[in-house]
Amino acid sequence: MGYETGDGTVGKAIRVLDLVASFGRPVRFSEVLLHSDFPKPTLYRFIQSLTNQNMLSYDSERQTYAPGLRLLRLAHAAWEQSSLAPIARPFLDNLAKSVGEAVHLAQIDNGQVLFIDKRSASAGFDTLAQAGQIAPAYCTGVGKVILAFMDDDLRTRALQQQAFMKYTAATHDGATALSAELTSIRHDGVAYDREEHESGIISIAAPILIRNDVVIGAVSVATTTARHDLAGLEAFRPQLLKTADQIGAEARNWQSPT
C-alpha cells in the first residue's frame, strides 16, 4: 500500500478503513501497523479519528478495532440506494426457488467483483461468496461475464487491474487466455466458473444489461461438482437469462455508480 496517493486526508482515512476491514476480524493496532506503510503516529491519528467518528469500534478489553456501526448504517444506505440488490431481490428469490441452488448478484468495483446479494434455496452446501465480499473478476463467472460485456476501454482498464493469481489449476494466469474466453462469452451470452476460484464450485453467469447493452452487473447460479457437472449447468440457462433480463428491465432507469 503506497503512502503517497494524492488522495488527501479523506483518501488516506478510507485506506485505513479498508485495511482494518480486510482482516475480516477484530484486529490489534500492531497488526494494522505491520501491514500499513503509514508512519506509526500517522496511522494512530487516523485510527483514533475514525474511532471517534464511530467508523471504527474499539474493544478496550481485547484492545482490538473493527468496522463501526456508522459504517453499517452507511452500508445499508448504499445497499438501498446505490446497488442493484433491492431491485433484484424478488427475481433472485424466484430463481433460487426454481433451480434449488445458490444465486449470486454482483457488480464490478475497481476491477474486482463485489457480491451485493446472495440467495440460497439449499442448505446442503455453501460458497465463499457472501454479500459484501469481493472476489477477483478474472476467475469468477459473474466477473468474467461483466468483463466480456464491458466496452473496450473499460475492459482494458479492468484487465490491467487483475492480479492473475492461481487459485486452482483451472485459474487463468494471464490476460491473453482470458481475453480469448471473454470473446467467446460475449458471443455465447453466458460465462462459466470451471472451479477457477474454488475447487469443487462451478457456476453459470449472465450479464444484467440496460439501454444500449450497458452492463451494470451479473447474476449467477452456483453449485458444487458433487451435485452437477458443467454440462448440467445448461439446464439453468433459460431461467438465468430470463432473470437477468427481468432485473435489467426493472433497472432501466437505475444509474450505475461510477
# chains A, B, ... in the order shown; residues from 1 in each chain; ligands from 1

$ residues_around --residues "Ala66 in chain A" --least-positions-apart "2" --cutoff "6 Å" --atoms "only C-alpha atoms" --output "NGL selection string"
:A and (26 or 56-57)

$ residues_around --residues "Leu114 in chain A" --least-positions-apart "2" --cutoff "6 Å" --atoms "only C-alpha atoms" --output "PyMOL selection string"
chain A and resi 106-108+133-134

$ write_last_selection --atoms "N, CA and C atoms" --output "compact mmCIF listing (two decimals), in the first residue's frame"
# COMPACT_ATOMS: atom_id res chain seq x y z
N ALA A 106 -23.93 -9.64 -8.48
CA ALA A 106 -22.64 -8.96 -8.33
C ALA A 106 -22.54 -7.75 -9.25
N GLN A 107 -21.72 -6.82 -8.83
CA GLN A 107 -21.30 -5.69 -9.65
C GLN A 107 -19.78 -5.64 -9.63
N ILE A 108 -19.18 -4.79 -10.45
CA ILE A 108 -17.73 -4.71 -10.50
C ILE A 108 -17.28 -3.39 -9.90
N GLN A 133 -18.77 -9.22 0.17
CA GLN A 133 -17.41 -9.68 -0.07
C GLN A 133 -16.99 -9.38 -1.50
N ILE A 134 -15.67 -9.33 -1.71
CA ILE A 134 -15.14 -9.11 -3.04
C ILE A 134 -14.38 -10.35 -3.50

$ closest_residue --among "A:Phe29, A:Ala222, A:Lys40, A:Ile47" --to "Arg15 in chain A" --atoms "only C-alpha atoms"
A:Ile47

$ residues_around --residues "Tyr167 in chain A" --least-positions-apart "5" --cutoff "10 Å" --atoms "only C-alpha atoms" --output "ChimeraX atom specification"
/A:139,172-173,195-199

$ closest_atom_pairs --of "range 55-149 of chain A" --to "range 236-253 of chain A" --cutoff "10 Å" --atoms "only C-alpha atoms" --output "JSON lines"
{"residue": "A:Leu84", "atom": "CA", "partner": "A:Ala251", "partner_atom": "CA", "distance": 7.6}
{"residue": "A:Ala85", "atom": "CA", "partner": "A:Ile247", "partner_atom": "CA", "distance": 9.7}
{"residue": "A:Ile87", "atom": "CA", "partner": "A:Glu250", "partner_atom": "CA", "distance": 6.9}
{"residue": "A:Ala88", "atom": "CA", "partner": "A:Ile247", "partner_atom": "CA", "distance": 5.5}
{"residue": "A:Arg89", "atom": "CA", "partner": "A:Ile247", "partner_atom": "CA", "distance": 9.0}
{"residue": "A:Pro90", "atom": "CA", "partner": "A:Ile247", "partner_atom": "CA", "distance": 9.4}
{"residue": "A:Phe91", "atom": "CA", "partner": "A:Thr243", "partner_atom": "CA", "distance": 6.1}
{"residue": "A:Leu92", "atom": "CA", "partner": "A:Thr243", "partner_atom": "CA", "distance": 7.3}
{"residue": "A:Asn94", "atom": "CA", "partner": "A:Thr243", "partner_atom": "CA", "distance": 8.5}
{"residue": "A:Leu95", "atom": "CA", "partner": "A:Gln239", "partner_atom": "CA", "distance": 6.9}
{"residue": "A:Ala96", "atom": "CA", "partner": "A:Leu240", "partner_atom": "CA", "distance": 9.8}
{"residue": "A:Ser98", "atom": "CA", "partner": "A:Gln239", "partner_atom": "CA", "distance": 8.0}
{"residue": "A:Val99", "atom": "CA", "partner": "A:Phe236", "partner_atom": "CA", "distance": 6.7}
{"residue": "A:Glu101", "atom": "CA", "partner": "A:Phe236", "partner_atom": "CA", "distance": 9.7}
{"residue": "A:Val103", "atom": "CA", "partner": "A:Leu240", "partner_atom": "CA", "distance": 9.4}
{"residue": "A:Leu105", "atom": "CA", "partner": "A:Ala244", "partner_atom": "CA", "distance": 9.8}

$ residues_around --residues "Ala175 in chain A" --least-positions-apart "2" --cutoff "12 Å" --atoms "only C-alpha atoms" --output "PyMOL selection string"
chain A and resi 137-139+144+147+155-165+171-173+177-182

$ select_by_dssp --residues "range 56-101 of chain A" --states "strand (DSSP E)" --output "JSON, numbers by chain"
{"A": [56, 57, 58, 59, 64, 65, 66, 67]}

$ write_last_selection --atoms "C-alpha atoms" --output "CSV table (one decimal), in the first residue's frame"
chain,number,residue,atom,x,y,z
A,56,LEU,CA,-14.3,2.1,13.7
A,57,SER,CA,-15.2,0.5,17.1
A,58,TYR,CA,-12.7,-0.2,19.8
A,59,ASP,CA,-12.9,-3.2,22.3
A,64,THR,CA,-8.9,-4.5,19.0
A,65,TYR,CA,-10.5,-2.4,16.3
A,66,ALA,CA,-13.3,-3.4,13.9
A,67,PRO,CA,-15.6,-1.6,11.5

$ residues_around --residues "Asn54 in chain A" --least-positions-apart "6" --cutoff "10 Å" --atoms "only C-alpha atoms" --output "PDB file with C-alpha atoms, in the first residue's frame"
ATOM      1  CA  GLN A  48      -8.318   7.465  16.655  1.00  0.00           C
ATOM      2  CA  PRO A  67     -15.648  -1.638  11.456  1.00  0.00           C
ATOM      3  CA  GLY A  68     -18.084   0.513  13.418  1.00  0.00           C
ATOM      4  CA  LEU A  69     -21.858   0.879  13.496  1.00  0.00           C
ATOM      5  CA  ARG A  70     -21.738   4.082  11.475  1.00  0.00           C
ATOM      6  CA  LEU A  71     -20.228   2.104   8.612  1.00  0.00           C
TER       7      LEU A  71
END

$ select_by_dssp --residues "range 46-204 of chain A" --states "alpha helix (DSSP H)" --output "PyMOL selection string"
chain A and resi 46-52+69-81+85-99+141-149+152-160+175-188

$ write_last_selection --atoms "C-alpha atoms" --output "PDB file, in the first residue's frame"
ATOM      1  CA  PHE A  46      -6.231   8.181  11.654  1.00  0.00           C
ATOM      2  CA  ILE A  47      -7.459   5.236  13.716  1.00  0.00           C
ATOM      3  CA  GLN A  48      -8.318   7.465  16.655  1.00  0.00           C
ATOM      4  CA  SER A  49     -10.210   9.902  14.422  1.00  0.00           C
ATOM      5  CA  LEU A  50     -12.121   7.066  12.759  1.00  0.00           C
ATOM      6  CA  THR A  51     -12.966   5.606  16.157  1.00  0.00           C
ATOM      7  CA  ASN A  52     -14.181   8.989  17.434  1.00  0.00           C
ATOM      8  CA  LEU A  69     -21.858   0.879  13.496  1.00  0.00           C
ATOM      9  CA  ARG A  70     -21.738   4.082  11.475  1.00  0.00           C
ATOM     10  CA  LEU A  71     -20.228   2.104   8.612  1.00  0.00           C
ATOM     11  CA  LEU A  72     -23.068  -0.388   8.956  1.00  0.00           C
ATOM     12  CA  ARG A  73     -25.623   2.412   8.559  1.00  0.00           C
ATOM     13  CA  LEU A  74     -23.771   3.751   5.534  1.00  0.00           C
ATOM     14  CA  ALA A  75     -23.545   0.266   4.029  1.00  0.00           C
ATOM     15  CA  HIS A  76     -27.271  -0.223   4.491  1.00  0.00           C
ATOM     16  CA  ALA A  77     -27.973   3.104   2.789  1.00  0.00           C
ATOM     17  CA  ALA A  78     -25.665   2.173  -0.092  1.00  0.00           C
ATOM     18  CA  TRP A  79     -27.401  -1.194  -0.435  1.00  0.00           C
ATOM     19  CA  GLU A  80     -30.785   0.526  -0.703  1.00  0.00           C
ATOM     20  CA  GLN A  81     -29.791   3.494  -2.866  1.00  0.00           C
ATOM     21  CA  ALA A  85     -29.873  -5.548  -4.670  1.00  0.00           C
ATOM     22  CA  PRO A  86     -33.303  -4.120  -3.721  1.00  0.00           C
ATOM     23  CA  ILE A  87     -34.421  -4.124  -7.358  1.00  0.00           C
ATOM     24  CA  ALA A  88     -33.164  -7.638  -7.978  1.00  0.00           C
ATOM     25  CA  ARG A  89     -34.188  -9.365  -4.731  1.00  0.00           C
ATOM     26  CA  PRO A  90     -37.633 -10.733  -5.792  1.00  0.00           C
ATOM     27  CA  PHE A  91     -36.209 -12.037  -9.079  1.00  0.00           C
ATOM     28  CA  LEU A  92     -33.279 -13.662  -7.281  1.00  0.00           C
ATOM     29  CA  ASP A  93     -35.638 -15.354  -4.841  1.00  0.00           C
ATOM     30  CA  ASN A  94     -37.700 -16.765  -7.710  1.00  0.00           C
ATOM     31  CA  LEU A  95     -34.573 -18.017  -9.467  1.00  0.00           C
ATOM     32  CA  ALA A  96     -33.201 -19.668  -6.319  1.00  0.00           C
ATOM     33  CA  LYS A  97     -36.500 -21.482  -5.728  1.00  0.00           C
ATOM     34  CA  SER A  98     -36.674 -22.538  -9.368  1.00  0.00           C
ATOM     35  CA  VAL A  99     -33.171 -24.020  -9.611  1.00  0.00           C
ATOM     36  CA  GLY A 141     -18.437 -16.457 -13.551  1.00  0.00           C
ATOM     37  CA  VAL A 142     -20.014 -13.120 -12.657  1.00  0.00           C
ATOM     38  CA  GLY A 143     -16.715 -11.313 -13.075  1.00  0.00           C
ATOM     39  CA  LYS A 144     -15.929 -12.785 -16.477  1.00  0.00           C
ATOM     40  CA  VAL A 145     -19.379 -12.106 -17.883  1.00  0.00           C
ATOM     41  CA  ILE A 146     -19.234  -8.461 -16.747  1.00  0.00           C
ATOM     42  CA  LEU A 147     -15.771  -8.078 -18.277  1.00  0.00           C
ATOM     43  CA  ALA A 148     -16.996  -9.636 -21.521  1.00  0.00           C
ATOM     44  CA  PHE A 149     -19.841  -7.166 -21.909  1.00  0.00           C
ATOM     45  CA  ASP A 152     -13.434  -1.905 -24.872  1.00  0.00           C
ATOM     46  CA  ASP A 153     -11.866   0.947 -22.886  1.00  0.00           C
ATOM     47  CA  LEU A 154     -13.404  -0.089 -19.571  1.00  0.00           C
ATOM     48  CA  ARG A 155     -12.469  -3.730 -20.158  1.00  0.00           C
ATOM     49  CA  THR A 156      -8.858  -2.818 -20.959  1.00  0.00           C
ATOM     50  CA  ARG A 157      -8.639  -0.822 -17.742  1.00  0.00           C
ATOM     51  CA  ALA A 158     -10.256  -3.624 -15.722  1.00  0.00           C
ATOM     52  CA  LEU A 159      -7.917  -6.259 -17.164  1.00  0.00           C
ATOM     53  CA  GLN A 160      -4.938  -4.169 -16.068  1.00  0.00           C
ATOM     54  CA  ALA A 175      -4.726 -11.706 -19.890  1.00  0.00           C
ATOM     55  CA  THR A 176      -4.210 -13.459 -23.246  1.00  0.00           C
ATOM     56  CA  ALA A 177      -6.149 -16.624 -22.434  1.00  0.00           C
ATOM     57  CA  LEU A 178      -8.768 -14.674 -20.515  1.00  0.00           C
ATOM     58  CA  SER A 179      -9.333 -12.247 -23.398  1.00  0.00           C
ATOM     59  CA  ALA A 180      -9.946 -15.145 -25.758  1.00  0.00           C
ATOM     60  CA  GLU A 181     -12.546 -16.562 -23.394  1.00  0.00           C
ATOM     61  CA  LEU A 182     -14.215 -13.147 -22.984  1.00  0.00           C
ATOM     62  CA  THR A 183     -14.783 -13.007 -26.749  1.00  0.00           C
ATOM     63  CA  SER A 184     -16.457 -16.427 -26.572  1.00  0.00           C
ATOM     64  CA  ILE A 185     -18.562 -15.359 -23.590  1.00  0.00           C
ATOM     65  CA  ARG A 186     -19.865 -12.289 -25.389  1.00  0.00           C
ATOM     66  CA  HIS A 187     -20.902 -14.474 -28.320  1.00  0.00           C
ATOM     67  CA  ASP A 188     -22.464 -17.171 -26.130  1.00  0.00           C
TER      68      ASP A 188
END

$ residues_around --residues "Val16 in chain A" --least-positions-apart "2" --cutoff "12 Å" --atoms "only C-alpha atoms" --output "JSON list (two decimals) with N, CA and C atoms, in the first residue's frame"
[["chain", "number", "residue", "atom", "x", "y", "z"],
["A", 1, "MET", "N", 0.86, -1.19, 0.00],
["A", 1, "MET", "CA", 0.00, 0.00, 0.00],
["A", 1, "MET", "C", 0.89, 1.23, 0.00],
["A", 2, "GLY", "N", 0.90, 1.98, -1.09],
["A", 2, "GLY", "CA", 1.79, 3.13, -1.19],
["A", 2, "GLY", "C", 1.31, 4.28, -0.34],
["A", 3, "TYR", "N", 2.25, 5.04, 0.19],
["A", 3, "TYR", "CA", 1.89, 6.12, 1.10],
["A", 3, "TYR", "C", 1.40, 7.35, 0.35],
["A", 9, "THR", "N", -6.46, 13.77, 2.94],
["A", 9, "THR", "CA", -6.75, 13.16, 4.23],
["A", 9, "THR", "C", -7.89, 12.15, 4.14],
["A", 10, "VAL", "N", -8.94, 12.50, 3.42],
["A", 10, "VAL", "CA", -10.08, 11.59, 3.32],
["A", 10, "VAL", "C", -9.67, 10.28, 2.65],
["A", 11, "GLY", "N", -8.92, 10.38, 1.56],
["A", 11, "GLY", "CA", -8.48, 9.18, 0.87],
["A", 11, "GLY", "C", -7.62, 8.29, 1.75],
["A", 12, "LYS", "N", -6.74, 8.91, 2.53],
["A", 12, "LYS", "CA", -5.87, 8.12, 3.41],
["A", 12, "LYS", "C", -6.68, 7.46, 4.53],
["A", 13, "ALA", "N", -7.68, 8.17, 5.05],
["A", 13, "ALA", "CA", -8.53, 7.58, 6.09],
["A", 13, "ALA", "C", -9.30, 6.39, 5.55],
["A", 14, "ILE", "N", -9.77, 6.50, 4.31],
["A", 14, "ILE", "CA", -10.51, 5.39, 3.70],
["A", 14, "ILE", "C", -9.59, 4.19, 3.50],
["A", 18, "ASP", "N", -10.25, 0.48, 4.86],
["A", 18, "ASP", "CA", -10.14, -0.71, 4.01],
["A", 18, "ASP", "C", -9.19, -1.73, 4.62],
["A", 19, "LEU", "N", -8.09, -1.26, 5.15],
["A", 19, "LEU", "CA", -7.09, -2.17, 5.72],
["A", 19, "LEU", "C", -7.64, -2.89, 6.94],
["A", 20, "VAL", "N", -8.29, -2.14, 7.84],
["A", 20, "VAL", "CA", -8.87, -2.77, 9.04],
["A", 20, "VAL", "C", -9.93, -3.79, 8.63],
["A", 21, "ALA", "N", -10.79, -3.43, 7.67],
["A", 21, "ALA", "CA", -11.86, -4.34, 7.24],
["A", 21, "ALA", "C", -11.31, -5.58, 6.55],
["A", 22, "SER", "N", -10.15, -5.45, 5.89],
["A", 22, "SER", "CA", -9.61, -6.57, 5.11],
["A", 22, "SER", "C", -9.23, -7.76, 5.97],
["A", 23, "PHE", "N", -9.02, -7.56, 7.27],
["A", 23, "PHE", "CA", -8.66, -8.68, 8.14],
["A", 23, "PHE", "C", -9.83, -9.64, 8.35],
["A", 29, "PHE", "N", -3.92, -2.84, 16.89],
["A", 29, "PHE", "CA", -3.20, -1.76, 16.22],
["A", 29, "PHE", "C", -1.87, -2.26, 15.66],
["A", 32, "VAL", "N", -2.35, -3.88, 12.30],
["A", 32, "VAL", "CA", -2.62, -2.91, 11.24],
["A", 32, "VAL", "C", -1.32, -2.21, 10.85],
["A", 33, "LEU", "N", -0.53, -1.84, 11.84],
["A", 33, "LEU", "CA", 0.74, -1.16, 11.58],
["A", 33, "LEU", "C", 1.67, -2.02, 10.74],
["A", 35, "HIS", "N", 0.94, -4.06, 8.44],
["A", 35, "HIS", "CA", 0.50, -4.15, 7.05],
["A", 35, "HIS", "C", 0.30, -2.78, 6.40],
["A", 36, "SER", "N", 0.66, -1.71, 7.11],
["A", 36, "SER", "CA", 0.46, -0.37, 6.60],
["A", 36, "SER", "C", 1.80, 0.32, 6.35],
["A", 37, "ASP", "N", 1.81, 1.21, 5.33],
["A", 37, "ASP", "CA", 3.01, 1.99, 5.07],
["A", 37, "ASP", "C", 2.97, 3.36, 5.75],
["A", 38, "PHE", "N", 1.87, 3.64, 6.46],
["A", 38, "PHE", "CA", 1.81, 4.90, 7.19],
["A", 38, "PHE", "C", 2.77, 4.86, 8.38],
["A", 42, "THR", "N", 1.07, 8.64, 12.37],
["A", 42, "THR", "CA", 0.02, 8.98, 11.40],
["A", 42, "THR", "C", -1.08, 7.96, 11.43],
["A", 43, "LEU", "N", -0.72, 6.68, 11.43],
["A", 43, "LEU", "CA", -1.72, 5.62, 11.47],
["A", 43, "LEU", "C", -2.54, 5.71, 12.75],
["A", 44, "TYR", "N", -1.89, 5.94, 13.87],
["A", 44, "TYR", "CA", -2.60, 6.04, 15.14],
["A", 44, "TYR", "C", -3.59, 7.21, 15.12],
["A", 45, "ARG", "N", -3.16, 8.33, 14.55],
["A", 45, "ARG", "CA", -4.05, 9.50, 14.48],
["A", 45, "ARG", "C", -5.29, 9.20, 13.64],
["A", 46, "PHE", "N", -5.09, 8.54, 12.51],
["A", 46, "PHE", "CA", -6.23, 8.18, 11.65],
["A", 46, "PHE", "C", -7.18, 7.22, 12.38],
["A", 47, "ILE", "N", -6.61, 6.22, 13.04],
["A", 47, "ILE", "CA", -7.46, 5.24, 13.72],
["A", 47, "ILE", "C", -8.24, 5.88, 14.86],
["A", 48, "GLN", "N", -7.60, 6.78, 15.58],
["A", 48, "GLN", "CA", -8.32, 7.46, 16.65],
["A", 48, "GLN", "C", -9.44, 8.34, 16.11],
["A", 49, "SER", "N", -9.18, 9.05, 15.02],
["A", 49, "SER", "CA", -10.21, 9.90, 14.42],
["A", 49, "SER", "C", -11.37, 9.06, 13.91],
["A", 50, "LEU", "N", -11.07, 7.95, 13.27],
["A", 50, "LEU", "CA", -12.12, 7.07, 12.76],
["A", 50, "LEU", "C", -12.93, 6.46, 13.90],
["A", 51, "THR", "N", -12.26, 6.15, 14.99],
["A", 51, "THR", "CA", -12.97, 5.61, 16.16],
["A", 51, "THR", "C", -13.86, 6.67, 16.78],
["A", 55, "MET", "N", -16.67, 5.24, 12.91],
["A", 55, "MET", "CA", -16.40, 4.47, 11.71],
["A", 55, "MET", "C", -15.64, 3.19, 12.06],
["A", 56, "LEU", "N", -14.92, 3.24, 13.15],
["A", 56, "LEU", "CA", -14.31, 2.06, 13.74],
["A", 56, "LEU", "C", -14.81, 1.92, 15.17],
["A", 65, "TYR", "N", -9.68, -3.32, 17.08],
["A", 65, "TYR", "CA", -10.51, -2.43, 16.27],
["A", 65, "TYR", "C", -11.28, -3.25, 15.25],
["A", 66, "ALA", "N", -12.48, -2.76, 14.93],
["A", 66, "ALA", "CA", -13.33, -3.41, 13.93],
["A", 66, "ALA", "C", -14.19, -2.34, 13.27],
["A", 67, "PRO", "N", -14.74, -2.60, 12.07],
["A", 67, "PRO", "CA", -15.65, -1.64, 11.46],
["A", 67, "PRO", "C", -16.78, -1.26, 12.40]]

$ atom_distance --atom1 "CA of Pro41 in chain A" --atom2 "CA of Asn110 in chain A"
29.5 Å
